[in-house]
file query12.pdb (PDB, C-alpha atoms, pLDDT in the B column)
ATOM      1  CA  MET P   1       0.000   0.000   0.000  1.00 94.00           C
ATOM      2  CA  ASN P   2       1.245   3.486  -0.869  1.00 97.00           C
ATOM      3  CA  ALA P   3       0.225   6.423   1.321  1.00 98.00           C
ATOM      4  CA  ALA P   4       0.552  10.177   0.928  1.00 98.00           C
ATOM      5  CA  ILE P   5       0.925  12.246   4.078  1.00 98.00           C
ATOM      6  CA  ILE P   6       0.562  16.024   4.083  1.00 97.00           C
ATOM      7  CA  THR P   7       2.214  17.833   6.991  1.00 95.00           C
ATOM      8  CA  ALA P   8       0.530  21.116   7.895  1.00 93.00           C
ATOM      9  CA  ARG P   9       0.550  22.774  11.272  1.00 87.00           C
ATOM     10  CA  GLY P  10      -1.338  25.774  12.592  1.00 80.00           C
ATOM     11  CA  GLY P  11       0.139  28.860  14.223  1.00 71.00           C
ATOM     12  CA  SER P  12       2.021  30.469  11.334  1.00 71.00           C
ATOM     13  CA  LYS P  13       3.737  33.768  12.132  1.00 70.00           C
ATOM     14  CA  SER P  14       4.306  34.892   8.523  1.00 76.00           C
ATOM     15  CA  ILE P  15       0.704  34.667   7.269  1.00 84.00           C
ATOM     16  CA  LEU P  16      -2.167  34.162   9.708  1.00 81.00           C
ATOM     17  CA  ASP P  17      -3.684  30.687   9.250  1.00 87.00           C
ATOM     18  CA  LYS P  18      -1.278  30.192   6.347  1.00 89.00           C
ATOM     19  CA  ASN P  19      -2.166  26.634   5.449  1.00 92.00           C
ATOM     20  CA  VAL P  20      -5.828  27.545   4.921  1.00 94.00           C
ATOM     21  CA  PHE P  21      -5.083  30.953   3.381  1.00 93.00           C
ATOM     22  CA  PRO P  22      -7.011  31.294   0.087  1.00 95.00           C
ATOM     23  CA  VAL P  23      -4.980  30.693  -3.067  1.00 95.00           C
ATOM     24  CA  LEU P  24      -7.187  31.466  -6.069  1.00 95.00           C
ATOM     25  CA  GLY P  25     -10.190  31.007  -3.814  1.00 95.00           C
ATOM     26  CA  GLU P  26      -9.198  27.632  -2.347  1.00 95.00           C
ATOM     27  CA  PRO P  27      -7.519  26.869   0.987  1.00 96.00           C
ATOM     28  CA  MET P  28      -3.804  26.407   0.366  1.00 95.00           C
ATOM     29  CA  VAL P  29      -3.747  22.946   1.920  1.00 96.00           C
ATOM     30  CA  SER P  30      -6.418  21.722  -0.508  1.00 96.00           C
ATOM     31  CA  TYR P  31      -3.858  21.684  -3.350  1.00 95.00           C
ATOM     32  CA  PRO P  32      -1.580  18.962  -1.918  1.00 96.00           C
ATOM     33  CA  ILE P  33      -4.620  16.969  -0.768  1.00 97.00           C
ATOM     34  CA  LYS P  34      -6.114  17.035  -4.270  1.00 96.00           C
ATOM     35  CA  ALA P  35      -2.769  16.218  -5.903  1.00 95.00           C
ATOM     36  CA  ALA P  36      -2.380  13.182  -3.643  1.00 97.00           C
ATOM     37  CA  SER P  37      -5.995  12.090  -4.092  1.00 97.00           C
ATOM     38  CA  GLY P  38      -5.628  12.256  -7.867  1.00 97.00           C
ATOM     39  CA  ALA P  39      -2.460  10.142  -8.042  1.00 97.00           C
ATOM     40  CA  ASN P  40      -3.014   6.659  -9.437  1.00 97.00           C
ATOM     41  CA  LYS P  41      -0.344   5.114  -7.215  1.00 97.00           C
ATOM     42  CA  VAL P  42      -1.608   6.596  -3.930  1.00 97.00           C
ATOM     43  CA  ASP P  43      -3.995   4.316  -2.029  1.00 97.00           C
ATOM     44  CA  ASN P  44      -4.728   6.538   0.988  1.00 96.00           C
ATOM     45  CA  VAL P  45      -4.230  10.216   1.823  1.00 98.00           C
ATOM     46  CA  PHE P  46      -3.527  11.466   5.350  1.00 98.00           C
ATOM     47  CA  ILE P  47      -2.774  14.825   6.908  1.00 97.00           C
ATOM     48  CA  SER P  48      -0.754  15.384  10.083  1.00 96.00           C
ATOM     49  CA  THR P  49      -1.872  18.564  11.811  1.00 94.00           C
ATOM     50  CA  ASP P  50      -2.638  20.331  15.076  1.00 91.00           C
ATOM     51  CA  CYS P  51      -5.121  22.827  13.626  1.00 91.00           C
ATOM     52  CA  VAL P  52      -8.939  22.596  13.661  1.00 93.00           C
ATOM     53  CA  LYS P  53      -9.281  24.743  10.529  1.00 94.00           C
ATOM     54  CA  ILE P  54      -6.962  22.434   8.600  1.00 95.00           C
ATOM     55  CA  ILE P  55      -8.832  19.392   9.923  1.00 95.00           C
ATOM     56  CA  ASN P  56     -12.122  20.842   8.650  1.00 96.00           C
ATOM     57  CA  VAL P  57     -10.718  21.319   5.139  1.00 96.00           C
ATOM     58  CA  ALA P  58      -9.193  17.837   5.153  1.00 96.00           C
ATOM     59  CA  LYS P  59     -12.448  16.156   6.168  1.00 95.00           C
ATOM     60  CA  VAL P  60     -14.418  17.901   3.411  1.00 96.00           C
ATOM     61  CA  LEU P  61     -11.894  16.541   0.892  1.00 96.00           C
ATOM     62  CA  GLY P  62     -12.021  13.007   2.293  1.00 95.00           C
ATOM     63  CA  CYS P  63      -8.532  13.084   3.779  1.00 96.00           C
ATOM     64  CA  HIS P  64      -7.767  10.989   6.887  1.00 96.00           C
ATOM     65  CA  VAL P  65      -6.607  13.117   9.822  1.00 96.00           C
ATOM     66  CA  ILE P  66      -3.622  12.371  12.064  1.00 96.00           C
ATOM     67  CA  GLU P  67      -3.913  14.622  15.101  1.00 90.00           C
ATOM     68  CA  ARG P  68      -0.463  15.387  16.460  1.00 91.00           C
ATOM     69  CA  PRO P  69       0.330  14.739  20.097  1.00 90.00           C
ATOM     70  CA  GLU P  70       1.211  17.726  22.240  1.00 85.00           C
ATOM     71  CA  GLU P  71       4.973  17.094  22.016  1.00 88.00           C
ATOM     72  CA  LEU P  72       4.830  17.454  18.220  1.00 89.00           C
ATOM     73  CA  CYS P  73       3.018  20.807  18.235  1.00 85.00           C
ATOM     74  CA  GLY P  74       4.606  24.251  18.064  1.00 76.00           C
ATOM     75  CA  ASP P  75       7.302  26.146  16.178  1.00 73.00           C
ATOM     76  CA  HIS P  76      10.420  24.251  17.172  1.00 79.00           C
ATOM     77  CA  VAL P  77       9.415  20.653  16.515  1.00 83.00           C
ATOM     78  CA  ASN P  78      11.710  18.624  14.266  1.00 88.00           C
ATOM     79  CA  HIS P  79       9.859  17.941  11.021  1.00 91.00           C
ATOM     80  CA  GLY P  80      11.436  14.503  10.866  1.00 93.00           C
ATOM     81  CA  ASP P  81       9.818  13.552  14.160  1.00 94.00           C
ATOM     82  CA  VAL P  82       6.430  14.619  12.785  1.00 95.00           C
ATOM     83  CA  ILE P  83       7.012  12.469   9.691  1.00 96.00           C
ATOM     84  CA  LYS P  84       8.129   9.449  11.742  1.00 96.00           C
ATOM     85  CA  HIS P  85       5.055   9.713  13.982  1.00 96.00           C
ATOM     86  CA  ALA P  86       2.754   9.951  10.960  1.00 97.00           C
ATOM     87  CA  VAL P  87       4.330   6.970   9.179  1.00 97.00           C
ATOM     88  CA  GLU P  88       4.046   4.830  12.313  1.00 97.00           C
ATOM     89  CA  TYR P  89       0.403   5.913  12.712  1.00 96.00           C
ATOM     90  CA  VAL P  90      -0.429   4.899   9.154  1.00 97.00           C
ATOM     91  CA  GLN P  91       1.381   1.590   9.542  1.00 96.00           C
ATOM     92  CA  LEU P  92      -0.762   0.737  12.567  1.00 95.00           C
ATOM     93  CA  ILE P  93      -3.859   1.325  10.463  1.00 92.00           C
ATOM     94  CA  ASP P  94      -2.542  -0.676   7.516  1.00 92.00           C
ATOM     95  CA  PRO P  95       0.371  -3.077   8.153  1.00 94.00           C
ATOM     96  CA  GLN P  96       0.613  -3.506   4.356  1.00 95.00           C
ATOM     97  CA  LEU P  97       2.083  -0.008   4.048  1.00 96.00           C
ATOM     98  CA  THR P  98       5.066  -0.070   1.689  1.00 97.00           C
ATOM     99  CA  ASN P  99       5.984   3.407   0.447  1.00 98.00           C
ATOM    100  CA  VAL P 100       5.174   6.896   1.686  1.00 98.00           C
ATOM    101  CA  ALA P 101       4.984  10.312   0.029  1.00 98.00           C
ATOM    102  CA  ILE P 102       5.357  13.439   2.153  1.00 97.00           C
ATOM    103  CA  LEU P 103       3.871  16.686   0.825  1.00 96.00           C
ATOM    104  CA  LEU P 104       4.052  20.096   2.484  1.00 95.00           C
ATOM    105  CA  GLY P 105       0.798  21.847   3.286  1.00 94.00           C
ATOM    106  CA  ASN P 106       2.145  25.257   2.281  1.00 92.00           C
ATOM    107  CA  THR P 107       3.041  24.654  -1.348  1.00 91.00           C
ATOM    108  CA  VAL P 108       0.964  24.120  -4.483  1.00 91.00           C
ATOM    109  CA  MET P 109       3.704  23.497  -7.046  1.00 89.00           C
ATOM    110  CA  PHE P 110       3.359  19.793  -7.714  1.00 88.00           C
ATOM    111  CA  ASP P 111       0.784  17.488  -9.239  1.00 91.00           C
ATOM    112  CA  SER P 112      -0.481  13.927  -9.275  1.00 94.00           C
ATOM    113  CA  GLU P 113       1.827  13.108 -12.165  1.00 93.00           C
ATOM    114  CA  LEU P 114       4.926  13.966 -10.122  1.00 93.00           C
ATOM    115  CA  LEU P 115       3.746  11.704  -7.297  1.00 96.00           C
ATOM    116  CA  ASP P 116       3.064   8.806  -9.651  1.00 97.00           C
ATOM    117  CA  ARG P 117       6.466   9.269 -11.265  1.00 96.00           C
ATOM    118  CA  ALA P 118       8.231   9.110  -7.889  1.00 97.00           C
ATOM    119  CA  PHE P 119       6.348   5.992  -6.755  1.00 98.00           C
ATOM    120  CA  ASP P 120       7.009   4.382 -10.121  1.00 97.00           C
ATOM    121  CA  ILE P 121      10.761   4.900  -9.709  1.00 97.00           C
ATOM    122  CA  LEU P 122      10.719   3.099  -6.352  1.00 96.00           C
ATOM    123  CA  GLU P 123       8.641   0.256  -7.734  1.00 96.00           C
ATOM    124  CA  LYS P 124      11.031  -0.273 -10.643  1.00 97.00           C
ATOM    125  CA  HIS P 125      14.193   0.033  -8.539  1.00 98.00           C
ATOM    126  CA  PRO P 126      14.056  -2.015  -5.335  1.00 96.00           C
ATOM    127  CA  GLU P 127      17.667  -0.992  -4.637  1.00 97.00           C
ATOM    128  CA  TYR P 128      16.607   2.655  -4.089  1.00 98.00           C
ATOM    129  CA  ASP P 129      15.452   3.990  -0.728  1.00 98.00           C
ATOM    130  CA  SER P 130      13.718   7.158  -1.833  1.00 98.00           C
ATOM    131  CA  VAL P 131      13.015   9.814  -4.453  1.00 98.00           C
ATOM    132  CA  MET P 132      13.293  13.565  -3.888  1.00 96.00           C
ATOM    133  CA  SER P 133      12.368  16.384  -6.270  1.00 94.00           C
ATOM    134  CA  VAL P 134      15.138  18.993  -6.581  1.00 94.00           C
ATOM    135  CA  TRP P 135      16.298  21.954  -8.646  1.00 90.00           C
ATOM    136  CA  GLU P 136      19.828  22.632  -9.891  1.00 90.00           C
ATOM    137  CA  ALA P 137      21.504  25.676  -8.313  1.00 89.00           C
ATOM    138  CA  ALA P 138      22.589  28.595 -10.493  1.00 84.00           C
ATOM    139  CA  ASP P 139      23.177  32.058  -8.984  1.00 85.00           C
ATOM    140  CA  ASP P 140      22.103  30.523  -5.674  1.00 86.00           C
ATOM    141  CA  HIS P 141      24.993  28.035  -5.765  1.00 89.00           C
ATOM    142  CA  PRO P 142      26.452  27.404  -2.279  1.00 88.00           C
ATOM    143  CA  LEU P 143      29.919  28.542  -3.457  1.00 88.00           C
ATOM    144  CA  ARG P 144      28.422  32.034  -3.869  1.00 88.00           C
ATOM    145  CA  ALA P 145      27.026  32.131  -0.350  1.00 90.00           C
ATOM    146  CA  LEU P 146      28.247  34.768   2.112  1.00 91.00           C
ATOM    147  CA  ARG P 147      28.358  35.008   5.885  1.00 91.00           C
ATOM    148  CA  ILE P 148      28.874  37.956   8.229  1.00 94.00           C
ATOM    149  CA  GLU P 149      32.085  38.003  10.260  1.00 91.00           C
ATOM    150  CA  ASP P 150      32.784  40.929  12.631  1.00 94.00           C
ATOM    151  CA  GLY P 151      30.109  42.928  10.823  1.00 96.00           C
ATOM    152  CA  PHE P 152      31.582  42.409   7.337  1.00 95.00           C
ATOM    153  CA  LEU P 153      30.665  40.043   4.518  1.00 93.00           C
ATOM    154  CA  ALA P 154      32.967  37.096   4.015  1.00 89.00           C
ATOM    155  CA  PRO P 155      32.849  33.990   1.800  1.00 87.00           C
ATOM    156  CA  TYR P 156      30.874  31.106   3.214  1.00 84.00           C
ATOM    157  CA  ALA P 157      33.217  28.724   1.401  1.00 73.00           C
ATOM    158  CA  PRO P 158      36.231  27.411   3.352  1.00 70.00           C
ATOM    159  CA  ARG P 159      39.065  29.923   3.764  1.00 63.00           C
ATOM    160  CA  GLY P 160      41.592  29.877   0.968  1.00 59.00           C
ATOM    161  CA  GLU P 161      39.231  28.384  -1.611  1.00 68.00           C
ATOM    162  CA  ASN P 162      39.344  30.452  -4.803  1.00 74.00           C
ATOM    163  CA  VAL P 163      35.815  30.702  -6.232  1.00 81.00           C
ATOM    164  CA  SER P 164      35.407  31.830  -9.830  1.00 84.00           C
ATOM    165  CA  THR P 165      32.722  34.301 -10.907  1.00 85.00           C
ATOM    166  CA  GLU P 166      31.951  31.889 -13.746  1.00 86.00           C
ATOM    167  CA  ARG P 167      29.176  29.787 -12.262  1.00 82.00           C
ATOM    168  CA  GLN P 168      29.462  27.234 -15.091  1.00 84.00           C
ATOM    169  CA  SER P 169      32.770  26.159 -13.543  1.00 86.00           C
ATOM    170  CA  TYR P 170      31.120  25.105 -10.259  1.00 88.00           C
ATOM    171  CA  PRO P 171      30.393  21.476  -9.446  1.00 90.00           C
ATOM    172  CA  LYS P 172      26.659  20.910  -9.755  1.00 92.00           C
ATOM    173  CA  ALA P 173      24.625  21.462  -6.597  1.00 92.00           C
ATOM    174  CA  TYR P 174      20.973  20.720  -5.938  1.00 93.00           C
ATOM    175  CA  TYR P 175      18.292  21.842  -3.482  1.00 92.00           C
ATOM    176  CA  TYR P 176      15.112  20.116  -2.354  1.00 92.00           C
ATOM    177  CA  ASP P 177      12.408  22.063  -4.179  1.00 90.00           C
ATOM    178  CA  GLN P 178       9.553  21.642  -1.655  1.00 89.00           C
ATOM    179  CA  GLY P 179       7.889  19.188  -4.042  1.00 90.00           C
ATOM    180  CA  VAL P 180       7.834  15.540  -2.964  1.00 93.00           C
ATOM    181  CA  TRP P 181       9.674  13.135  -0.730  1.00 96.00           C
ATOM    182  CA  VAL P 182       8.775   9.509  -1.492  1.00 98.00           C
ATOM    183  CA  PHE P 183      10.471   6.787   0.542  1.00 98.00           C
ATOM    184  CA  ARG P 184      10.166   3.249   1.820  1.00 98.00           C
ATOM    185  CA  LYS P 185       8.473   3.065   5.217  1.00 97.00           C
ATOM    186  CA  GLU P 186      11.487   1.514   6.970  1.00 96.00           C
ATOM    187  CA  CYS P 187      13.655   4.576   6.257  1.00 97.00           C
ATOM    188  CA  VAL P 188      12.109   6.485   9.179  1.00 96.00           C
ATOM    189  CA  GLN P 189      13.470   3.860  11.559  1.00 95.00           C
ATOM    190  CA  ARG P 190      16.982   3.695  10.107  1.00 94.00           C
ATOM    191  CA  LYS P 191      17.541   7.483  10.188  1.00 94.00           C
ATOM    192  CA  ASP P 192      20.473   7.253   7.776  1.00 95.00           C
ATOM    193  CA  GLY P 193      19.361   9.621   5.017  1.00 95.00           C
ATOM    194  CA  PRO P 194      21.231  12.710   3.753  1.00 93.00           C
ATOM    195  CA  SER P 195      21.190  15.368   6.483  1.00 91.00           C
ATOM    196  CA  PRO P 196      18.874  17.025   7.368  1.00 93.00           C
ATOM    197  CA  TRP P 197      16.453  14.629   5.638  1.00 94.00           C
ATOM    198  CA  TRP P 198      17.364  11.568   7.687  1.00 96.00           C
ATOM    199  CA  TRP P 199      14.052   9.816   6.879  1.00 96.00           C
ATOM    200  CA  MET P 200      15.044   9.430   3.191  1.00 97.00           C
ATOM    201  CA  GLY P 201      17.501   6.531   3.495  1.00 96.00           C
ATOM    202  CA  LYS P 202      21.033   6.230   2.111  1.00 96.00           C
ATOM    203  CA  LYS P 203      20.045   5.790  -1.527  1.00 97.00           C
ATOM    204  CA  ALA P 204      17.953   8.871  -2.371  1.00 97.00           C
ATOM    205  CA  VAL P 205      17.617   9.584  -6.091  1.00 97.00           C
ATOM    206  CA  PRO P 206      16.566  12.911  -7.639  1.00 97.00           C
ATOM    207  CA  ILE P 207      13.828  14.076  -9.938  1.00 95.00           C
ATOM    208  CA  ILE P 208      15.313  17.300 -11.306  1.00 92.00           C
ATOM    209  CA  ARG P 209      12.636  19.929 -11.946  1.00 88.00           C
ATOM    210  CA  ASN P 210      12.695  23.523 -13.179  1.00 78.00           C
ATOM    211  CA  TRP P 211      14.504  26.103 -11.065  1.00 64.00           C
ATOM    212  CA  ILE P 212      12.605  26.891  -7.878  1.00 61.00           C
ATOM    213  CA  THR P 213       9.546  25.011  -9.175  1.00 62.00           C
ATOM    214  CA  GLY P 214       8.467  23.813  -5.749  1.00 65.00           C
ATOM    215  CA  ARG P 215       8.707  27.095  -3.857  1.00 75.00           C
ATOM    216  CA  ASP P 216       6.765  26.889  -0.602  1.00 83.00           C
ATOM    217  CA  ILE P 217       4.720  29.771   0.764  1.00 88.00           C
ATOM    218  CA  HIS P 218       5.854  31.983   3.630  1.00 87.00           C
ATOM    219  CA  THR P 219       4.903  35.515   2.474  1.00 88.00           C
ATOM    220  CA  HIS P 220       2.193  37.210   0.434  1.00 89.00           C
ATOM    221  CA  LEU P 221       4.709  37.496  -2.413  1.00 89.00           C
ATOM    222  CA  ASP P 222       4.942  33.692  -2.401  1.00 90.00           C
ATOM    223  CA  VAL P 223       1.138  33.508  -2.629  1.00 92.00           C
ATOM    224  CA  GLY P 224       1.257  35.635  -5.781  1.00 91.00           C
ATOM    225  CA  ILE P 225       3.948  33.411  -7.308  1.00 88.00           C
ATOM    226  CA  ALA P 226       1.897  30.309  -6.451  1.00 90.00           C
ATOM    227  CA  GLU P 227      -1.207  31.784  -8.069  1.00 92.00           C
ATOM    228  CA  TRP P 228       0.777  32.626 -11.219  1.00 89.00           C
ATOM    229  CA  TRP P 229       2.083  29.054 -11.337  1.00 86.00           C
ATOM    230  CA  ILE P 230      -1.414  27.580 -11.034  1.00 88.00           C
ATOM    231  CA  LYS P 231      -2.795  29.849 -13.752  1.00 88.00           C
ATOM    232  CA  HIS P 232      -0.001  28.989 -16.183  1.00 84.00           C
ATOM    233  CA  TYR P 233       0.373  25.298 -15.403  1.00 75.00           C
ATOM    234  CA  PRO P 234       0.925  23.042 -17.321  1.00 68.00           C
ATOM    235  CA  GLU P 235       2.416  25.302 -20.000  1.00 65.00           C
ATOM    236  CA  VAL P 236       5.219  26.345 -17.594  1.00 57.00           C
ATOM    237  CA  LYS P 237       5.989  22.709 -16.887  1.00 55.00           C
ATOM    238  CA  GLY P 238       8.542  22.339 -19.649  1.00 48.00           C
ATOM    239  CA  LEU P 239      10.407  25.627 -19.139  1.00 43.00           C
TER     240      LEU P 239
END
call {"tool": "encode", "arguments": {"input": "query12.pdb", "output": "structure tokens"}}
result
Amino acid sequence: MNAAIITARGGSKSILDKNVFPVLGEPMVSYPIKAASGANKVDNVFISTDCVKIINVAKVLGCHVIERPEELCGDHVNHGDVIKHAVEYVQLIDPQLTNVAILLGNTVMFDSELLDRAFDILEKHPEYDSVMSVWEAADDHPLRALRIEDGFLAPYAPRGENVSTERQSYPKAYYYDQGVWVFRKECVQRKDGPSPWWWMGKKAVPIIRNWITGRDIHTHLDVGIAEWWIKHYPEVKGL
């Protein structure tokens, strides 16, 4: 059995009730629920939350609710612990659970097709632990990062490393794009995935998407970008 789990907590400080904030007239969290519900390879859809408003939206859309215990509520909870709790909850309900997809409640930039593609990769490759959607860094490459030392900007790269201004010379780097994590259920127990995503297992393979495709929502600017993406999808898919 394949399950999709959306993680969405209440209490946002950036946008009040962010996960139910209207995006083109629909609660934000409805987008990941509908994407998961529409995926051919997803058997059941769950949401892990501590918010009554999110629960109400989930129930209308036929999504099973995992109410978080008190120790997994609040701003400073490790997301991995929330994921582990949710996976174990689902496994109690259905011991036939095999693979799990995690979707974030505050992003809309994925679809059922992406989920099916990720599950399909795991089914065809039993040697893989997980699949993660990513984008390839460009101007945001880590070798261009800066830090502040004694009030002044300094390279984030190790001291003495000569970094070219020609970004094409950099070794390729990738970022999780807030799209999907799909992994085998046992990975949450092993905790040996690439830091900080320890629930992904040692053998995590990428689906490389367009730059910043999976941007999650933290500000009203992000809401506008998400609405643009929805309006222009799927024609922006191949950019």
call {"tool": "atom_distance", "arguments": {"input": "query12.pdb", "atom1": "CA of His125 in chain P", "atom2": "CA of Arg209 in chain P"}}
result
20.2 Å
call {"tool": "atom_distance", "arguments": {"input": "query12.pdb", "atom1": "CA of Ser37 in chain P", "atom2": "CA of Cys187 in chain P"}}
result
23.4 Å
call {"tool": "residues_around", "arguments": {"input": "query12.pdb", "residues": "Glu70 in chain P", "least_positions_apart": "6", "cutoff": "12 Å", "atoms": "only C-alpha atoms", "output": "ChimeraX atom specification"}}
result
/P:49-51,77,82
call {"tool": "write_last_selection", "arguments": {"input": "query12.pdb", "atoms": "C-alpha atoms", "output": "PDB file, in the frame of the given file"}}
result
ATOM      1  CA  THR P  49      -1.872  18.564  11.811  1.00 94.00           C
ATOM      2  CA  ASP P  50      -2.638  20.331  15.076  1.00 91.00           C
ATOM      3  CA  CYS P  51      -5.121  22.827  13.626  1.00 91.00           C
ATOM      4  CA  VAL P  77       9.415  20.653  16.515  1.00 83.00           C
ATOM      5  CA  VAL P  82       6.430  14.619  12.785  1.00 95.00           C
TER       6      VAL P  82
END
call {"tool": "atom_distance", "arguments": {"input": "query12.pdb", "atom1": "CA of Gln96 in chain P", "atom2": "CA of Lys185 in chain P"}}
result
10.3 Å
call {"tool": "residues_around", "arguments": {"input": "query12.pdb", "residues": "Pro206 in chain P", "least_positions_apart": "6", "cutoff": "8 Å", "atoms": "only C-alpha atoms", "output": "list in words"}}
result
Val131, Met132, Ser133 and Val134 of chain P
call {"tool": "closest_residue", "arguments": {"input": "query12.pdb", "among": "P:His76, P:Arg184, P:His85, P:Lys13", "to": "Gly201 in chain P", "atoms": "all atoms listed in the file"}}
result
P:Arg184
call {"tool": "resolve_selection", "arguments": {"input": "query12.pdb", "expression": "the PyMOL selection byres ((chain P and resi 86) around 9)", "output": "list of chain:residue names"}}
result
P:Ile5, P:Thr7, P:Phe46, P:Ile47, P:Ser48, P:Ile66, P:Arg68, P:Asp81, P:Val82, P:Ile83, P:Lys84, P:His85, P:Val87, P:Glu88, P:Tyr89, P:Val90, P:Gln91
call {"tool": "closest_residue", "arguments": {"input": "query12.pdb", "among": "P:Pro22, P:Gly224, P:Gly193, P:Pro142", "to": "Ala157 in chain P", "atoms": "all atoms listed in the file"}}
result
P:Pro142
call {"tool": "resolve_selection", "arguments": {"input": "query12.pdb", "expression": "the PyMOL selection byres ((chain P and resi 33) around 9)", "output": "MDAnalysis selection string"}}
result
chainID P and resid 4:6 29:32 34:38 45:47 58 61:63 103 105
call {"tool": "closest_residue", "arguments": {"input": "query12.pdb", "among": "P:Asp129, P:Val108, P:Glu149, P:Ser195", "to": "Glu227 in chain P", "atoms": "only C-alpha atoms"}}
result
P:Val108
call {"tool": "closest_residue", "arguments": {"input": "query12.pdb", "among": "P:Ser130, P:Gln178, P:Asn210, P:Asn106", "to": "Phe21 in chain P", "atoms": "only C-alpha atoms"}}
result
P:Asn106
call {"tool": "residues_around", "arguments": {"input": "query12.pdb", "residues": "Leu143 in chain P", "least_positions_apart": "6", "cutoff": "9 Å", "atoms": "only C-alpha atoms", "output": "PDB file with C-alpha atoms, in the frame of the given file"}}
result
ATOM      1  CA  PRO P 155      32.849  33.990   1.800  1.00 87.00           C
ATOM      2  CA  TYR P 156      30.874  31.106   3.214  1.00 84.00           C
ATOM      3  CA  ALA P 157      33.217  28.724   1.401  1.00 73.00           C
ATOM      4  CA  VAL P 163      35.815  30.702  -6.232  1.00 81.00           C
ATOM      5  CA  ARG P 167      29.176  29.787 -12.262  1.00 82.00           C
ATOM      6  CA  TYR P 170      31.120  25.105 -10.259  1.00 88.00           C
TER       7      TYR P 170
END
call {"tool": "closest_residue", "arguments": {"input": "query12.pdb", "among": "P:Arg144, P:Lys191, P:Lys203, P:Arg9", "to": "Leu104 in chain P", "atoms": "all atoms listed in the file"}}
result
P:Arg9
call {"tool": "resolve_selection", "arguments": {"input": "query12.pdb", "expression": "the PyMOL selection byres ((chain P and resi 10) around 10)", "output": "VMD selection string"}}
result
chain P and resid 8 to 9 11 to 13 16 to 20 49 to 54 73 to 75
